[in-house]
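Asks: What follows is final-v6.pdb; its format and atoms are PDB, C-alpha atoms.
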```pdb
ATOM      1  CA  MET A 824    -300.646 152.389 -69.244
ATOM      2  CA  ASN A 825    -304.133 151.022 -68.676
ATOM      3  CA  THR A 826    -305.550 152.137 -65.287
ATOM      4  CA  LEU A 827    -306.959 148.649 -64.667
ATOM      5  CA  LEU A 828    -303.480 147.120 -64.840
ATOM      6  CA  ARG A 829    -301.952 149.682 -62.441
ATOM      7  CA  ARG A 830    -304.537 149.140 -59.680
ATOM      8  CA  PRO A 831    -304.178 145.630 -58.248
ATOM      9  CA  THR A 832    -307.505 145.792 -56.435
ATOM     10  CA  SER A 833    -309.355 146.643 -59.654
ATOM     11  CA  TRP A 834    -307.480 143.909 -61.511
ATOM     12  CA  ALA A 835    -308.334 141.364 -58.804
ATOM     13  CA  LEU A 836    -311.987 142.410 -58.938
ATOM     14  CA  PHE A 837    -311.965 142.103 -62.722
ATOM     15  CA  LEU A 838    -310.455 138.605 -62.571
ATOM     16  CA  GLY A 839    -312.942 137.655 -59.856
ATOM     17  CA  LEU A 840    -315.813 138.668 -62.117
ATOM     18  CA  LEU A 841    -314.405 136.537 -64.921
ATOM     19  CA  ALA A 842    -314.192 133.541 -62.576
ATOM     20  CA  THR A 843    -317.810 133.899 -61.434
ATOM     21  CA  PRO A 844    -319.964 131.325 -63.208
ATOM     22  CA  VAL A 845    -323.019 132.666 -65.009
ATOM     23  CA  LEU A 846    -325.322 130.180 -63.258
ATOM     24  CA  ALA A 847    -323.881 130.526 -59.728
ATOM     25  CA  GLN A 848    -325.470 128.654 -56.814
ATOM     26  CA  PRO A 849    -327.751 130.877 -54.728
ATOM     27  CA  GLN A 850    -326.296 132.208 -51.486
ATOM     28  CA  THR A 851    -327.119 130.025 -48.508
ATOM     29  CA  HIS A 852    -328.461 131.244 -45.198
ATOM     30  CA  GLU A 853    -325.783 131.904 -42.544
ATOM     31  CA  ILE A 854    -326.031 129.612 -39.518
ATOM     32  CA  ILE A 855    -324.462 130.804 -36.268
ATOM     33  CA  VAL A 856    -322.170 128.064 -34.933
ATOM     34  CA  GLU A 857    -320.834 128.286 -31.380
ATOM     35  CA  SER A 858    -319.398 126.172 -28.594
ATOM     36  CA  PRO A 859    -319.281 126.620 -24.831
ATOM     37  CA  ALA A 860    -315.714 125.246 -25.032
ATOM     38  CA  MET A 861    -314.203 126.733 -28.210
ATOM     39  CA  THR A 862    -314.088 130.029 -30.084
ATOM     40  CA  THR A 863    -313.116 130.855 -33.648
ATOM     41  CA  GLY A 864    -309.480 131.948 -33.783
ATOM     42  CA  LYS A 865    -308.721 130.807 -30.223
ATOM     43  CA  THR A 866    -306.862 127.700 -29.051
ATOM     44  CA  MET A 867    -308.945 124.562 -28.756
ATOM     45  CA  PRO A 868    -308.737 122.955 -25.285
ATOM     46  CA  SER A 869    -306.526 119.852 -25.316
ATOM     47  CA  VAL A 870    -309.340 117.700 -23.898
ATOM     48  CA  TYR A 871    -310.664 117.583 -27.511
ATOM     49  CA  THR A 872    -307.341 116.291 -28.853
ATOM     50  CA  PRO A 873    -305.215 113.144 -28.461
ATOM     51  CA  ASP A 874    -303.084 115.231 -26.057
ATOM     52  CA  GLY A 875    -306.084 115.141 -23.719
ATOM     53  CA  ARG A 876    -309.115 112.823 -23.658
ATOM     54  CA  ASN A 877    -309.879 113.106 -27.409
ATOM     55  CA  LEU A 878    -313.547 113.855 -26.695
ATOM     56  CA  SER A 879    -315.764 115.251 -29.417
ATOM     57  CA  PRO A 880    -316.418 118.916 -28.567
ATOM     58  CA  PRO A 881    -319.805 120.415 -27.776
ATOM     59  CA  ILE A 882    -321.165 122.471 -30.671
ATOM     60  CA  THR A 883    -324.375 124.461 -30.913
ATOM     61  CA  TRP A 884    -326.070 126.175 -33.819
ATOM     62  CA  ARG A 885    -328.868 128.649 -34.245
ATOM     63  CA  ASN A 886    -330.452 130.753 -36.937
ATOM     64  CA  LEU A 887    -331.288 127.728 -39.089
ATOM     65  CA  PRO A 888    -333.214 128.610 -42.232
ATOM     66  CA  ALA A 889    -336.911 127.808 -42.467
ATOM     67  CA  GLY A 890    -337.397 124.428 -44.072
ATOM     68  CA  THR A 891    -334.365 122.759 -42.464
ATOM     69  CA  ARG A 892    -335.100 119.023 -42.436
ATOM     70  CA  GLU A 893    -331.658 117.627 -41.690
ATOM     71  CA  ILE A 894    -328.235 118.812 -40.487
ATOM     72  CA  ALA A 895    -324.692 117.613 -41.160
ATOM     73  CA  VAL A 896    -321.408 118.564 -39.488
ATOM     74  CA  VAL A 897    -317.916 118.132 -40.952
ATOM     75  CA  CYS A 898    -314.655 118.970 -39.158
ATOM     76  CA  SER A 899    -311.734 119.401 -41.556
ATOM     77  CA  ASP A 900    -308.141 120.602 -41.396
ATOM     78  CA  PHE A 901    -307.334 122.251 -44.737
ATOM     79  CA  GLY A 902    -303.656 122.461 -43.758
ATOM     80  CA  ALA A 903    -303.213 118.673 -43.690
ATOM     81  CA  GLY A 904    -303.969 115.655 -45.826
ATOM     82  CA  ASN A 905    -302.745 114.425 -49.156
ATOM     83  CA  PRO A 906    -304.635 116.016 -50.798
ATOM     84  CA  PRO A 907    -306.177 118.340 -48.188
ATOM     85  CA  PRO A 908    -308.359 118.485 -46.247
ATOM     86  CA  TRP A 909    -307.783 115.941 -43.500
ATOM     87  CA  VAL A 910    -311.141 115.029 -41.971
ATOM     88  CA  HIS A 911    -311.474 114.707 -38.200
ATOM     89  CA  TRP A 912    -315.216 114.177 -37.923
ATOM     90  CA  ILE A 913    -318.344 113.715 -39.977
ATOM     91  CA  ILE A 914    -321.817 113.407 -38.543
ATOM     92  CA  TYR A 915    -324.910 113.482 -40.751
ATOM     93  CA  SER A 916    -328.624 112.640 -40.753
ATOM     94  CA  ILE A 917    -328.972 114.867 -37.687
ATOM     95  CA  PRO A 918    -332.658 115.767 -37.176
ATOM     96  CA  GLY A 919    -333.509 119.292 -38.332
ATOM     97  CA  SER A 920    -334.886 120.032 -34.857
ATOM     98  CA  ALA A 921    -331.497 119.477 -33.174
ATOM     99  CA  THR A 922    -329.733 122.520 -31.739
ATOM    100  CA  GLY A 923    -326.268 121.052 -31.289
ATOM    101  CA  LEU A 924    -323.994 118.169 -30.435
ATOM    102  CA  PRO A 925    -323.023 117.361 -26.839
ATOM    103  CA  GLN A 926    -319.467 116.764 -25.701
ATOM    104  CA  GLY A 927    -318.196 113.208 -25.936
ATOM    105  CA  LEU A 928    -320.389 111.497 -28.517
ATOM    106  CA  PRO A 929    -319.913 107.720 -28.561
ATOM    107  CA  ILE A 930    -317.072 106.200 -30.530
ATOM    108  CA  MET A 931    -318.631 102.742 -30.593
ATOM    109  CA  GLU A 932    -321.182 102.265 -33.365
ATOM    110  CA  GLU A 933    -323.375 100.108 -31.142
ATOM    111  CA  THR A 934    -323.644 102.855 -28.483
ATOM    112  CA  PRO A 935    -326.847 104.803 -29.125
ATOM    113  CA  MET A 936    -326.875 108.519 -29.843
ATOM    114  CA  PRO A 937    -328.644 110.856 -27.404
ATOM    115  CA  ALA A 938    -332.423 111.015 -28.011
ATOM    116  CA  ALA A 939    -332.251 114.498 -29.614
ATOM    117  CA  LEU A 940    -329.858 113.071 -32.231
ATOM    118  CA  GLU A 941    -331.743 109.851 -32.939
ATOM    119  CA  GLY A 942    -330.899 108.644 -36.436
ATOM    120  CA  ALA A 943    -327.649 110.632 -36.665
ATOM    121  CA  ILE A 944    -324.719 108.761 -38.217
ATOM    122  CA  GLN A 945    -321.006 109.376 -37.756
ATOM    123  CA  GLY A 946    -319.230 109.070 -41.094
ATOM    124  CA  LEU A 947    -315.680 108.041 -41.868
ATOM    125  CA  ASN A 948    -312.905 110.375 -40.785
ATOM    126  CA  GLY A 949    -309.466 110.560 -42.434
ATOM    127  CA  TRP A 950    -308.425 107.404 -40.588
ATOM    128  CA  ARG A 951    -311.468 105.622 -42.112
ATOM    129  CA  ARG A 952    -313.101 105.337 -38.657
ATOM    130  CA  PRO A 953    -316.718 106.343 -37.846
ATOM    131  CA  TYR A 954    -316.105 108.706 -34.952
ATOM    132  CA  TYR A 955    -314.422 111.945 -33.897
ATOM    133  CA  ARG A 956    -310.655 112.025 -33.655
ATOM    134  CA  GLY A 957    -309.130 115.292 -32.572
ATOM    135  CA  PRO A 958    -306.249 117.425 -33.816
ATOM    136  CA  ALA A 959    -302.628 116.299 -33.536
ATOM    137  CA  PRO A 960    -300.655 118.627 -35.832
ATOM    138  CA  PRO A 961    -296.845 118.565 -35.948
ATOM    139  CA  ALA A 962    -295.287 120.383 -32.964
ATOM    140  CA  GLY A 963    -294.895 124.119 -33.466
ATOM    141  CA  THR A 964    -297.332 124.269 -36.383
ATOM    142  CA  PRO A 965    -300.752 125.801 -35.594
ATOM    143  CA  HIS A 966    -303.614 124.356 -37.621
ATOM    144  CA  LEU A 967    -307.162 125.599 -38.118
ATOM    145  CA  TYR A 968    -310.065 123.179 -37.562
ATOM    146  CA  HIS A 969    -313.217 123.996 -39.513
ATOM    147  CA  PHE A 970    -316.358 122.684 -37.807
ATOM    148  CA  LYS A 971    -318.826 123.333 -40.617
ATOM    149  CA  VAL A 972    -322.578 122.935 -40.085
ATOM    150  CA  TYR A 973    -324.896 122.409 -43.056
ATOM    151  CA  ALA A 974    -328.698 122.797 -43.071
ATOM    152  CA  LEU A 975    -330.442 120.650 -45.675
ATOM    153  CA  ASP A 976    -333.867 121.048 -47.246
ATOM    154  CA  THR A 977    -334.634 117.312 -47.197
ATOM    155  CA  GLU A 978    -333.955 114.098 -45.316
ATOM    156  CA  LEU A 979    -331.419 112.363 -47.521
ATOM    157  CA  GLY A 980    -331.832 108.834 -46.118
ATOM    158  CA  LEU A 981    -328.072 108.250 -46.164
ATOM    159  CA  GLN A 982    -326.443 105.000 -45.115
ATOM    160  CA  PRO A 983    -323.499 104.605 -42.695
ATOM    161  CA  GLY A 984    -319.951 104.646 -44.026
ATOM    162  CA  LEU A 985    -319.860 107.891 -45.998
ATOM    163  CA  ASP A 986    -316.667 109.912 -46.179
ATOM    164  CA  ARG A 987    -316.483 113.686 -46.748
ATOM    165  CA  GLU A 988    -316.606 113.487 -50.546
ATOM    166  CA  ASP A 989    -319.576 111.077 -50.480
ATOM    167  CA  LEU A 990    -321.439 113.344 -48.077
ATOM    168  CA  LEU A 991    -320.744 116.545 -50.030
ATOM    169  CA  ARG A 992    -321.903 114.845 -53.224
ATOM    170  CA  ALA A 993    -325.116 113.625 -51.540
ATOM    171  CA  MET A 994    -325.850 117.111 -50.135
ATOM    172  CA  GLU A 995    -325.314 118.878 -53.455
ATOM    173  CA  GLY A 996    -328.371 120.957 -54.335
ATOM    174  CA  HIS A 997    -329.882 120.525 -50.844
ATOM    175  CA  ILE A 998    -327.770 122.919 -48.744
ATOM    176  CA  ILE A 999    -329.933 125.857 -47.646
ATOM    177  CA  GLY A1000    -327.712 127.162 -44.863
ATOM    178  CA  GLN A1001    -324.209 126.843 -43.493
ATOM    179  CA  GLY A1002    -321.906 128.244 -40.859
ATOM    180  CA  GLU A1003    -318.675 127.332 -39.164
ATOM    181  CA  LEU A1004    -316.595 127.534 -36.042
ATOM    182  CA  VAL A1005    -312.802 127.582 -36.627
ATOM    183  CA  PRO A1006    -310.650 127.065 -33.522
ATOM    184  CA  VAL A1007    -306.863 126.651 -33.648
ATOM    185  CA  TYR A1008    -304.678 123.935 -32.161
ATOM    186  CA  GLU A1009    -300.900 123.839 -31.830
ATOM    187  CA  ARG A1010    -298.718 121.289 -30.083
ATOM    188  CA  PHE A1011    -295.521 122.433 -28.334
TER     189      PHE A1011
END
```
Just dump the structure as structure tokens.

Replies:
Amino acid sequence: MNTLLRRPTSWALFLGLLATPVLAQPQTHEIIVESPAMTTGKTMPSVYTPDGRNLSPPITWRNLPAGTREIAVVCSDFGAGNPPPWVHWIIYSIPGSATGLPQGLPIMEETPMPAALEGAIQGLNGWRRPYYRGPAPPAGTPHLYHFKVYALDTELGLQPGLDREDLLRAMEGHIIGQGELVPVYERF
């Protein structure tokens, strides 16, 4: 019998090589994403969910690549939605000089953003609303929440009202760095 067929790891590697496109996108720079309130793999505090105050969580980032002109953040739950992912938050047109998002960003469009985030726009979440709405998974089912930060090489000049797909399409070819924070939330 062929050795490649008997060794699952070799077979998986072989199939992975076949699936790799010839003109693959270049690797992006890894951004370090953190929070003073949340940690990857650990339970998200309920204050950032409808079980608490439903505040947007504080998020910081560092190690942005040189040439970052704009930043975008998307929070998605890949275990929900039809089709997945279910989007909890989108914020884009963040100045490239910003180092994070504070807790409790405004949910009213007419409320101004903090000065360091001037020009930032909150896009449409899965409920078609332009603000953060926290996790509320079915009881007893832990879900992962991907807070993904993107560094862009240009200011895209995007308008309000974008959803996740619109934003990803607009960023295509301009992402020079990315990183994520992935806390867990489970209701009992």

Asks: Go through the shown structure with the PyMOL selection byres ((chain A and resi 861) around 12) and write out the matching residues as a PyMOL selection string.

Replies: chain A and resi 856-860+862-871+879-883+926+968-970+1003-1008

Asks: If the PyMOL selection byres ((chain A and resi 987) around 12) is run on the structure shown, which residues does it catch, given as a compact mmCIF listing (two decimals) with C-alpha atoms, in the coordinates of the input?

Replies:
```txt
# COMPACT_ATOMS: atom_id res chain seq x y z
CA ALA A 895 -324.69 117.61 -41.16
CA VAL A 896 -321.41 118.56 -39.49
CA VAL A 897 -317.92 118.13 -40.95
CA CYS A 898 -314.65 118.97 -39.16
CA SER A 899 -311.73 119.40 -41.56
CA PRO A 907 -306.18 118.34 -48.19
CA PRO A 908 -308.36 118.48 -46.25
CA TRP A 909 -307.78 115.94 -43.50
CA VAL A 910 -311.14 115.03 -41.97
CA HIS A 911 -311.47 114.71 -38.20
CA TRP A 912 -315.22 114.18 -37.92
CA ILE A 913 -318.34 113.72 -39.98
CA ILE A 914 -321.82 113.41 -38.54
CA TYR A 915 -324.91 113.48 -40.75
CA GLN A 945 -321.01 109.38 -37.76
CA GLY A 946 -319.23 109.07 -41.09
CA LEU A 947 -315.68 108.04 -41.87
CA ASN A 948 -312.90 110.38 -40.78
CA GLY A 949 -309.47 110.56 -42.43
CA TRP A 950 -308.42 107.40 -40.59
CA ARG A 951 -311.47 105.62 -42.11
CA PRO A 953 -316.72 106.34 -37.85
CA LYS A 971 -318.83 123.33 -40.62
CA GLY A 984 -319.95 104.65 -44.03
CA LEU A 985 -319.86 107.89 -46.00
CA ASP A 986 -316.67 109.91 -46.18
CA GLU A 988 -316.61 113.49 -50.55
CA ASP A 989 -319.58 111.08 -50.48
CA LEU A 990 -321.44 113.34 -48.08
CA LEU A 991 -320.74 116.54 -50.03
CA ARG A 992 -321.90 114.84 -53.22
CA ALA A 993 -325.12 113.62 -51.54
CA MET A 994 -325.85 117.11 -50.14
```

Asks: Work out how far CA of Glu893 in chain A is from CA of Pro918 in chain A, in Å to one decimal.

Replies: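 The value is 5.0 Å.
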
Asks: Using only C-alpha atoms, which of the listed residues (A:Gly902, A:Pro965, A:Gly942, A:Pro937) sits closest to Leu979 in chain A?

Replies: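 Comparing A:Gly902, A:Pro965, A:Gly942, A:Pro937 against Leu979 in chain A, the winner is A:Gly942.
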
Asks: Can you tell me how far CA of Thr922 in chain A sits from CA of Phe901 in chain A, in Å to one decimal?

Replies: 25.9 Å

Asks: I'd like the box whose edges run along x, y and z of the file and which contains every listed atom of range 906-919 of chain A, padded by 8 Å per side; could you state its centre and edge lengths in Å, one decimal, as JSON?

Replies:
```
{"center_x": -319.1, "center_y": 116.0, "center_z": -44.0, "size_x": 44.9, "size_y": 22.7, "size_z": 29.6}
```

Asks: Write out as a PyMOL selection string the residues lying within 9 Å of His997 in chain A, counting all atoms listed in the file and excluding same-chain residues fewer than 6 positions away.

Replies: chain A and resi 974-977+979

Asks: For a quick check of understanding, using all atoms listed in the file, which of A:Ile999, A:Leu981, A:Ala921, A:Leu928 has the smallest distance to Arg885 in chain A?

Replies: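 Of all the options, A:Ala921 lies closest to Arg885 in chain A.
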
Asks: Between A:Thr872, A:Asn877, A:Thr891, A:Ser916, single out the one closest to Gln982 in chain A, counting only C-alpha atoms.

Replies: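 Of the candidates, the smallest distance to Gln982 in chain A is held by A:Ser916.
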
Asks: Translate the PyMOL selection byres ((chain A and resi 959) around 9) into a concrete residue list for this structure, as a list of chain:residue names.

Replies: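 After applying the PyMOL selection byres ((chain A and resi 959) around 9), what remains is A:Thr872, A:Pro873, A:Asp874, A:Gly957, A:Pro958, A:Pro960, A:Pro961, A:Ala962, A:Tyr1008, A:Glu1009, A:Arg1010.
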
Asks: Between CA of Ser920 in chain A and CA of Met936 in chain A, what is the distance, to one decimal in Å?

Replies: 14.9 Å
